[in-house]
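Structure below is structure-v8.tsv: TSV, C-alpha atoms.
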chain	number	residue	atom	x	y	z
A	6	MET	CA	15.14	-40.79	1.27
A	7	ALA	CA	15.69	-37.32	-0.14
A	8	GLU	CA	16.23	-34.58	2.42
A	9	THR	CA	13.29	-32.18	2.71
A	10	LYS	CA	14.06	-28.73	1.37
A	11	TYR	CA	12.41	-25.79	3.10
A	12	MET	CA	11.36	-22.35	1.89
A	13	THR	CA	11.00	-19.93	4.78
A	14	PHE	CA	8.53	-17.03	4.83
A	15	ASN	CA	7.16	-14.77	7.55
A	16	ARG	CA	3.66	-15.40	8.84
A	17	PRO	CA	1.34	-12.75	7.34
A	18	ALA	CA	-1.61	-11.15	9.12
A	19	ASP	CA	-4.25	-13.85	9.58
A	20	THR	CA	-6.74	-13.07	6.80
A	21	GLN	CA	-8.71	-15.29	4.44
A	22	GLN	CA	-6.37	-14.08	1.69
A	23	ALA	CA	-3.29	-15.15	3.66
A	24	ARG	CA	-4.76	-18.59	4.43
A	25	TYR	CA	-5.54	-19.03	0.75
A	26	VAL	CA	-2.03	-18.02	-0.35
A	27	ILE	CA	-0.39	-20.32	2.21
A	28	GLU	CA	-2.46	-23.33	1.09
A	29	LEU	CA	-1.93	-22.56	-2.61
A	30	MET	CA	1.83	-22.01	-2.28
A	31	THR	CA	2.17	-25.12	-0.08
A	32	MET	CA	0.70	-27.15	-2.98
A	33	ALA	CA	2.88	-25.47	-5.61
A	34	TYR	CA	6.11	-25.91	-3.63
A	35	LYS	CA	5.27	-29.52	-2.72
A	36	GLU	CA	5.18	-30.39	-6.44
A	37	LEU	CA	8.73	-29.03	-6.68
A	38	GLY	CA	9.98	-30.96	-3.64
A	39	TYR	CA	9.90	-28.08	-1.14
A	40	GLU	CA	8.07	-27.64	2.12
A	41	LEU	CA	6.73	-24.23	3.13
A	42	HIS	CA	8.11	-23.10	6.49
A	43	ILE	CA	6.12	-20.21	8.00
A	44	ILE	CA	7.75	-18.41	10.93
A	45	ASP	CA	6.66	-15.61	13.25
A	46	PHE	CA	8.52	-12.47	12.19
A	47	ASN	CA	8.12	-8.73	12.68
A	48	HIS	CA	5.95	-7.63	9.76
A	49	GLN	CA	7.52	-4.16	9.68
A	50	SER	CA	10.95	-5.61	8.87
A	51	SER	CA	9.90	-8.62	6.77
A	52	LEU	CA	10.51	-6.95	3.39
A	53	ALA	CA	14.04	-5.96	4.38
A	54	ALA	CA	14.65	-9.48	5.73
A	55	ALA	CA	13.45	-11.04	2.47
A	56	ASN	CA	15.63	-8.62	0.50
A	57	ASN	CA	18.78	-9.45	2.51
A	58	GLY	CA	18.11	-13.19	2.31
A	59	THR	CA	17.13	-13.88	5.94
A	60	LEU	CA	13.77	-14.97	4.50
A	61	ASP	CA	13.42	-16.76	1.17
A	62	GLY	CA	10.93	-14.20	-0.15
A	63	GLN	CA	7.43	-12.88	0.47
A	64	LEU	CA	4.24	-14.92	0.24
A	65	GLY	CA	2.14	-12.15	-1.31
A	66	ARG	CA	3.04	-8.55	-2.09
A	67	VAL	CA	2.21	-5.82	-4.60
A	68	ALA	CA	4.22	-5.89	-7.82
A	69	SER	CA	6.07	-2.62	-7.24
A	70	ILE	CA	8.05	-3.68	-4.14
A	71	ASN	CA	11.04	-4.82	-6.19
A	72	LYS	CA	11.69	-1.22	-7.22
A	73	LYS	CA	12.94	-0.63	-3.67
A	74	TYR	CA	13.90	-4.19	-2.72
A	75	LYS	CA	16.22	-5.06	-5.58
A	76	ASN	CA	16.91	-8.68	-4.59
A	77	LEU	CA	13.26	-9.72	-4.73
A	78	ARG	CA	12.01	-11.39	-7.91
A	79	LEU	CA	8.34	-11.52	-8.90
A	80	VAL	CA	6.63	-14.82	-9.71
A	81	ASN	CA	4.45	-13.57	-12.54
A	82	VAL	CA	1.13	-15.25	-11.72
A	83	PRO	CA	-1.31	-13.05	-9.75
A	84	LEU	CA	-2.47	-14.70	-6.52
A	85	PHE	CA	-5.51	-12.54	-5.79
A	86	GLU	CA	-6.83	-9.02	-6.26
A	87	PHE	CA	-7.89	-6.47	-3.66
A	88	ASP	CA	-9.05	-2.86	-3.56
A	89	LEU	CA	-7.06	0.01	-2.12
A	90	ILE	CA	-9.71	2.19	-0.49
A	91	LEU	CA	-9.87	5.71	0.89
A	92	LEU	CA	-12.05	6.45	3.91
A	93	LYS	CA	-12.55	10.17	4.43
A	94	ASN	CA	-14.37	12.47	6.83
A	95	CYS	CA	-15.42	14.97	4.20
A	96	GLN	CA	-17.98	14.22	1.52
A	97	GLN	CA	-17.12	16.80	-1.09
A	98	CYS	CA	-13.33	16.82	-0.84
A	99	ASN	CA	-11.20	15.09	-3.44
A	100	PHE	CA	-8.16	13.00	-2.55
A	101	ASP	CA	-5.75	15.85	-3.28
A	102	GLN	CA	-7.76	18.27	-1.08
A	103	ILE	CA	-7.47	16.19	2.10
A	104	ALA	CA	-5.23	17.95	4.61
A	105	ASN	CA	-3.83	14.81	6.26
A	106	ILE	CA	-4.02	11.11	5.68
A	107	ALA	CA	-3.13	7.99	7.68
A	108	ILE	CA	-1.45	4.97	6.07
A	109	GLN	CA	-0.19	1.71	7.53
A	110	SER	CA	3.57	1.23	7.44
A	111	GLY	CA	4.70	-2.24	6.41
A	112	TYR	CA	2.18	-2.39	3.53
A	113	PRO	CA	3.70	-0.55	0.51
A	114	ALA	CA	0.46	-0.32	-1.52
A	115	ALA	CA	-0.68	2.94	0.09
A	116	GLN	CA	2.75	4.58	-0.11
A	117	ASN	CA	3.05	3.54	-3.77
A	118	TYR	CA	-0.30	5.19	-4.48
A	119	LEU	CA	0.88	8.42	-2.81
A	120	ASP	CA	4.13	8.29	-4.81
A	121	GLN	CA	2.19	7.99	-8.08
A	122	HIS	CA	-0.49	10.56	-7.21
A	123	PRO	CA	1.29	13.66	-5.90
A	124	TYR	CA	-0.09	14.55	-2.48
A	125	ILE	CA	0.91	17.70	-0.62
A	126	GLY	CA	-0.87	17.03	2.68
A	127	ASP	CA	0.60	15.44	5.79
A	128	VAL	CA	1.06	11.67	5.79
A	129	ILE	CA	0.76	9.96	9.18
A	130	ARG	CA	2.30	6.46	9.27
A	131	VAL	CA	0.93	4.06	11.87
A	132	LYS	CA	1.40	0.36	12.58
A	133	SER	CA	-2.16	-0.95	12.45
A	134	VAL	CA	-5.59	-0.57	10.87
A	135	THR	CA	-6.94	0.09	14.38
A	136	ALA	CA	-4.65	3.10	14.76
A	137	GLN	CA	-5.78	4.42	11.36
A	138	LEU	CA	-9.44	4.11	12.29
A	139	ASN	CA	-8.88	5.72	15.69
A	140	LEU	CA	-7.25	8.76	14.07
A	141	LEU	CA	-10.07	8.98	11.55
A	142	THR	CA	-12.86	8.56	14.14
A	143	GLN	CA	-11.26	11.16	16.42
A	144	LYS	CA	-10.94	13.48	13.39
A	145	LYS	CA	-7.18	13.74	13.88
A	146	VAL	CA	-6.85	12.93	10.17
A	147	GLN	CA	-9.29	13.59	7.33
A	148	GLY	CA	-8.57	10.36	5.48
A	149	ALA	CA	-7.09	6.87	5.68
A	150	ILE	CA	-5.87	4.64	2.86
A	151	LEU	CA	-6.51	0.96	3.58
A	152	LEU	CA	-6.34	-2.48	1.99
A	153	ASP	CA	-9.97	-3.58	1.92
A	154	PHE	CA	-9.32	-7.12	3.16
A	155	LEU	CA	-7.24	-5.93	6.13
A	156	LEU	CA	-10.09	-3.63	7.18
A	157	ASP	CA	-12.63	-6.44	6.80
A	158	THR	CA	-10.46	-8.84	8.83
A	159	ALA	CA	-9.28	-6.50	11.58
A	160	HIS	CA	-12.67	-4.88	12.13
A	161	PRO	CA	-15.43	-6.99	10.55
A	162	SER	CA	-18.16	-5.06	12.41
A	163	PHE	CA	-16.73	-1.62	11.69
A	164	ASP	CA	-19.34	0.68	10.15
A	165	ALA	CA	-17.51	2.27	7.22
A	166	ASN	CA	-20.74	4.07	6.28
A	167	GLN	CA	-20.01	6.75	8.87
A	168	PHE	CA	-17.24	7.83	6.48
A	169	HIS	CA	-17.16	8.40	2.75
A	170	LYS	CA	-15.58	5.43	1.02
A	171	GLU	CA	-13.83	5.63	-2.31
A	172	VAL	CA	-12.14	2.77	-4.16
A	173	LEU	CA	-8.81	4.17	-5.36
A	174	ILE	CA	-7.51	1.26	-7.45
A	175	PRO	CA	-7.71	-2.54	-7.69
A	176	ILE	CA	-4.33	-4.16	-7.00
A	177	LYS	CA	-2.97	-7.65	-7.67
A	178	SER	CA	-0.84	-9.56	-5.16
A	179	PHE	CA	2.15	-11.68	-6.27
A	180	HIS	CA	4.59	-14.15	-4.74
A	181	PHE	CA	8.23	-13.03	-4.50
A	182	LEU	CA	11.49	-14.93	-4.12
A	183	HIS	CA	14.99	-13.80	-3.22
A	184	SER	CA	17.23	-13.64	-6.30
A	185	ARG	CA	19.19	-16.71	-5.13
A	186	HIS	CA	16.05	-18.73	-5.99
A	187	GLN	CA	15.76	-17.26	-9.50
A	188	ALA	CA	15.84	-20.73	-11.09
A	189	LEU	CA	12.70	-21.74	-9.19
A	190	ILE	CA	10.55	-18.95	-10.63
A	191	PRO	CA	9.63	-20.47	-14.04
A	192	LYS	CA	8.90	-23.81	-12.31
A	193	LEU	CA	6.64	-22.10	-9.78
A	194	GLU	CA	4.86	-20.18	-12.54
A	195	THR	CA	4.22	-23.48	-14.34
A	196	GLN	CA	2.81	-25.06	-11.16
A	197	LEU	CA	0.57	-22.07	-10.37
A	198	ASN	CA	-0.77	-21.98	-13.93
A	199	LYS	CA	-1.43	-25.73	-13.70
A	200	LEU	CA	-3.32	-25.30	-10.40
A	201	ASN	CA	-5.35	-22.57	-12.06
A	202	LYS	CA	-6.20	-24.62	-15.14
A	203	ASN	CA	-7.20	-27.75	-13.20
A	204	GLY	CA	-9.65	-25.81	-11.04
A	205	THR	CA	-7.69	-25.93	-7.75
A	206	VAL	CA	-7.35	-22.15	-7.55
A	207	HIS	CA	-11.10	-21.72	-8.05
A	208	LEU	CA	-11.86	-24.30	-5.34
A	209	LEU	CA	-9.46	-22.65	-2.90
A	210	LYS	CA	-10.91	-19.20	-3.59
A	211	ASN	CA	-14.37	-20.59	-2.90
A	212	LYS	CA	-13.10	-22.20	0.32
A	213	TYR	CA	-11.81	-18.83	1.56
A	214	ASN	CA	-14.70	-16.76	0.12
A	215	LEU	CA	-12.47	-14.89	-2.33
A	216	ASN	CA	-14.54	-15.36	-5.50

Show the structure stored in the file as structure tokens.
Amino acid sequence: MAETKYMTFNRPADTQQARYVIELMTMAYKELGYELHIIDFNHQSSLAAANNGTLDGQLGRVASINKKYKNLRLVNVPLFEFDLILLKNCQQCNFDQIANIAIQSGYPAAQNYLDQHPYIGDVIRVKSVTAQLNLLTQKKVQGAILLDFLLDTAHPSFDANQFHKEVLIPIKSFHFLHSRHQALIPKLETQLNKLNKNGTVHLLKNKYNLN
């Protein structure tokens, strides 16, 4: 009997999106003779761990991470799409007029947006959505940049209507592998495209309310 080969990834925040990605990637890897091994790991250091080879890659990340993490290779089939949103205390102010803004460290999407849209205000980096919302509610910052699905999961009953919400950009999430697994990438892309064409992706997205 062939020995089971494992691919090890850190456990992401428990969202519908993460559950969907884990089930989808479990199917794709199984077709290639691999078993997905999900371990508890500090989210803040997971990108560095994937880059240095401690982890085999990242289950789902934004495309631009490999600019900083040079050993990570993108599997070029989008897994799902989400909105990067701005919650702000002021109605009339534009993004570049906000004096200070809170972002969550460990999720590069917000930092990437700031890098691409020059911002001269103060950036406060915190470790959780809860901390962002606390700063915003207490008016210690004028704005917070969030991933919409993390907000919905962490605080499903949070009334965002008390703030002014602006969708900054839609962003796609991709699977990444360490460069030592480069040969697996075209095979994974083939499997993911197959799961898309045969309707499995659609069924899974329905299962996790992502359509």

Exercise for review: Show me as a ChimeraX atom specification the residues that reach within 12 Å of (0.7, -21.5, -11.0), counting all atoms listed in the file and using the file's own coordinates.
Suggested key: /A:26,29-34,36-37,80-84,179-180,190-206

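Checking A:His183, A:Lys145, A:His169, A:Lys177 one by one against A:Ala114, counting only C-alpha atoms, you find the shortest gap at A:Lys177.
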
Practice item. Anything within 6 Å of (14.4, -8.0, -2.2): list those residues as a ChimeraX atom specification, counting only C-alpha atoms and sticking to the file's coordinates. Key: /A:55-56,74-77,183

**Study point:** Contact residues around A:Gln147 with all atoms listed in the file at 9 Å, ignoring same-chain residues under 6 positions, as a count of residues only
**Key:** 11

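Distance check against A:Ala18 using all atoms listed in the file: of A:Leu91, A:Ile70, A:Leu41, A:Leu156, the minimum falls on A:Leu156.
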
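Using all atoms listed in the file, the smallest distance between any of A:Lys212, A:Lys10, A:His122, A:His160 and A:Leu138 comes from A:His160.
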
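Each of A:Leu79, A:Asn211, A:Leu151, A:Lys72 was checked against A:Tyr112 using only C-alpha atoms; the smallest atom-to-atom distance is that of A:Leu151.
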
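Restricting the calculation to only C-alpha atoms, the smallest distance between A:Leu52 and any of A:Lys132, A:Lys170, A:Arg185, A:Arg66 is found for A:Arg66.
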
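Shortest separation to A:Ser184 among A:Thr13, A:Asn71, A:Ser110, A:Gln22 occurs at residue A:Asn71, atoms counted being all atoms listed in the file.
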